[in-house]
Amino acid sequence: MPMVTQKLRDPDVNPCLSESDASTRCMDENNYDKERCSAYFLKYRSCRKFWKSLRDMSLKCEMLYSEKETGKETTRKSAWDQLRFRRQS
């Protein structure tokens, strides 16, 4: 499997992987009739919108609050990383 495809199949890169798979499976089962799969598309769009807004909010918070200087290095633990960890558990 090409590296790009492997990356897209990684839940850390694509948190809406199950919604994506469900919509693709629906299209396969219904001979690519988009009307029959509109509920799956809506779930996928909602998932992507949610994770995008969460990531944007996390990046803003990280930029404002979570930068700590320790010597020469700057350490960051973003809310985005914490949420991804919780979702995997």
# chains A, B, ... in the order shown; residues from 1 in each chain; ligands from 1
$ closest_atom_pairs --of "region 4-38 of chain A" --to "region 44-52 of chain A" --cutoff "10 Å" --atoms "only C-alpha atoms" --output "Markdown table"
| residue | atom | partner | partner_atom | distance |
| --- | --- | --- | --- | --- |
| A:Asn14 | CA | A:Arg48 | CA | 8.8 |
| A:Pro15 | CA | A:Trp51 | CA | 7.5 |
| A:Cys16 | CA | A:Cys47 | CA | 6.0 |
| A:Leu17 | CA | A:Tyr44 | CA | 8.8 |
| A:Ser18 | CA | A:Tyr44 | CA | 8.7 |
| A:Glu19 | CA | A:Tyr44 | CA | 5.1 |
| A:Ser20 | CA | A:Tyr44 | CA | 6.1 |
| A:Asp21 | CA | A:Tyr44 | CA | 9.4 |
| A:Ala22 | CA | A:Tyr44 | CA | 8.8 |
| A:Ser23 | CA | A:Tyr44 | CA | 7.6 |
| A:Ser38 | CA | A:Tyr44 | CA | 9.8 |
$ residues_around --residues "Met27 (chain A)" --least-positions-apart "5" --cutoff "9 Å" --atoms "only C-alpha atoms" --output "count of residues only"
6
$ select_by_dssp --residues "region 12-63 of chain A" --states "helix (DSSP H, G or I)" --output "ChimeraX atom specification"
/A:17-29,34-63
$ atom_distance --atom1 "CA of Cys26 (chain A)" --atom2 "CA of Met3 (chain A)"
25.7 Å
$ decode --residues "region 8-29 of chain A" --atoms "N, CA and C atoms" --output "CSV table (one decimal), in the first residue's frame"
chain,number,residue,atom,x,y,z
A,8,LEU,N,-3.7,8.1,5.1
A,8,LEU,CA,-5.1,8.4,5.2
A,8,LEU,C,-5.9,7.3,5.9
A,9,ARG,N,-5.4,6.1,6.0
A,9,ARG,CA,-6.0,5.0,6.8
A,9,ARG,C,-5.7,5.1,8.3
A,10,ASP,N,-4.8,6.0,8.7
A,10,ASP,CA,-4.4,6.1,10.1
A,10,ASP,C,-5.5,7.0,10.8
A,11,PRO,N,-6.1,6.5,11.9
A,11,PRO,CA,-7.1,7.2,12.6
A,11,PRO,C,-6.5,8.5,13.2
A,12,ASP,N,-5.2,8.6,13.4
A,12,ASP,CA,-4.6,9.8,14.0
A,12,ASP,C,-4.6,10.9,12.9
A,13,VAL,N,-4.5,10.6,11.7
A,13,VAL,CA,-4.5,11.5,10.6
A,13,VAL,C,-6.0,11.8,10.1
A,14,ASN,N,-6.8,10.8,10.1
A,14,ASN,CA,-8.2,10.9,9.6
A,14,ASN,C,-9.1,10.4,10.7
A,15,PRO,N,-9.5,11.3,11.7
A,15,PRO,CA,-10.4,10.8,12.8
A,15,PRO,C,-11.7,10.3,12.3
A,16,CYS,N,-12.1,10.6,11.1
A,16,CYS,CA,-13.5,10.3,10.6
A,16,CYS,C,-13.4,9.0,9.7
A,17,LEU,N,-12.4,8.2,9.9
A,17,LEU,CA,-12.2,7.0,9.1
A,17,LEU,C,-13.4,6.1,9.0
A,18,SER,N,-14.1,5.8,10.1
A,18,SER,CA,-15.2,4.9,10.1
A,18,SER,C,-16.4,5.5,9.3
A,19,GLU,N,-16.6,6.9,9.4
A,19,GLU,CA,-17.6,7.5,8.6
A,19,GLU,C,-17.3,7.5,7.1
A,20,SER,N,-16.0,7.6,6.8
A,20,SER,CA,-15.6,7.6,5.4
A,20,SER,C,-15.8,6.2,4.9
A,21,ASP,N,-15.4,5.2,5.6
A,21,ASP,CA,-15.6,3.8,5.2
A,21,ASP,C,-17.1,3.4,5.0
A,22,ALA,N,-17.9,3.9,5.9
A,22,ALA,CA,-19.4,3.6,5.9
A,22,ALA,C,-20.0,4.2,4.6
A,23,SER,N,-19.6,5.5,4.3
A,23,SER,CA,-20.1,6.1,3.1
A,23,SER,C,-19.6,5.4,1.8
A,24,THR,N,-18.4,5.0,1.8
A,24,THR,CA,-17.9,4.2,0.6
A,24,THR,C,-18.6,2.9,0.5
A,25,ARG,N,-18.8,2.2,1.6
A,25,ARG,CA,-19.5,0.9,1.6
A,25,ARG,C,-20.9,1.1,1.1
A,26,CYS,N,-21.6,2.2,1.5
A,26,CYS,CA,-22.9,2.4,1.1
A,26,CYS,C,-23.0,2.7,-0.4
A,27,MET,N,-22.0,3.4,-0.9
A,27,MET,CA,-22.0,3.7,-2.4
A,27,MET,C,-21.8,2.4,-3.1
A,28,ASP,N,-20.9,1.5,-2.6
A,28,ASP,CA,-20.7,0.2,-3.3
A,28,ASP,C,-21.9,-0.6,-3.3
A,29,GLU,N,-22.6,-0.7,-2.2
A,29,GLU,CA,-23.8,-1.5,-2.0
A,29,GLU,C,-25.0,-1.0,-2.8
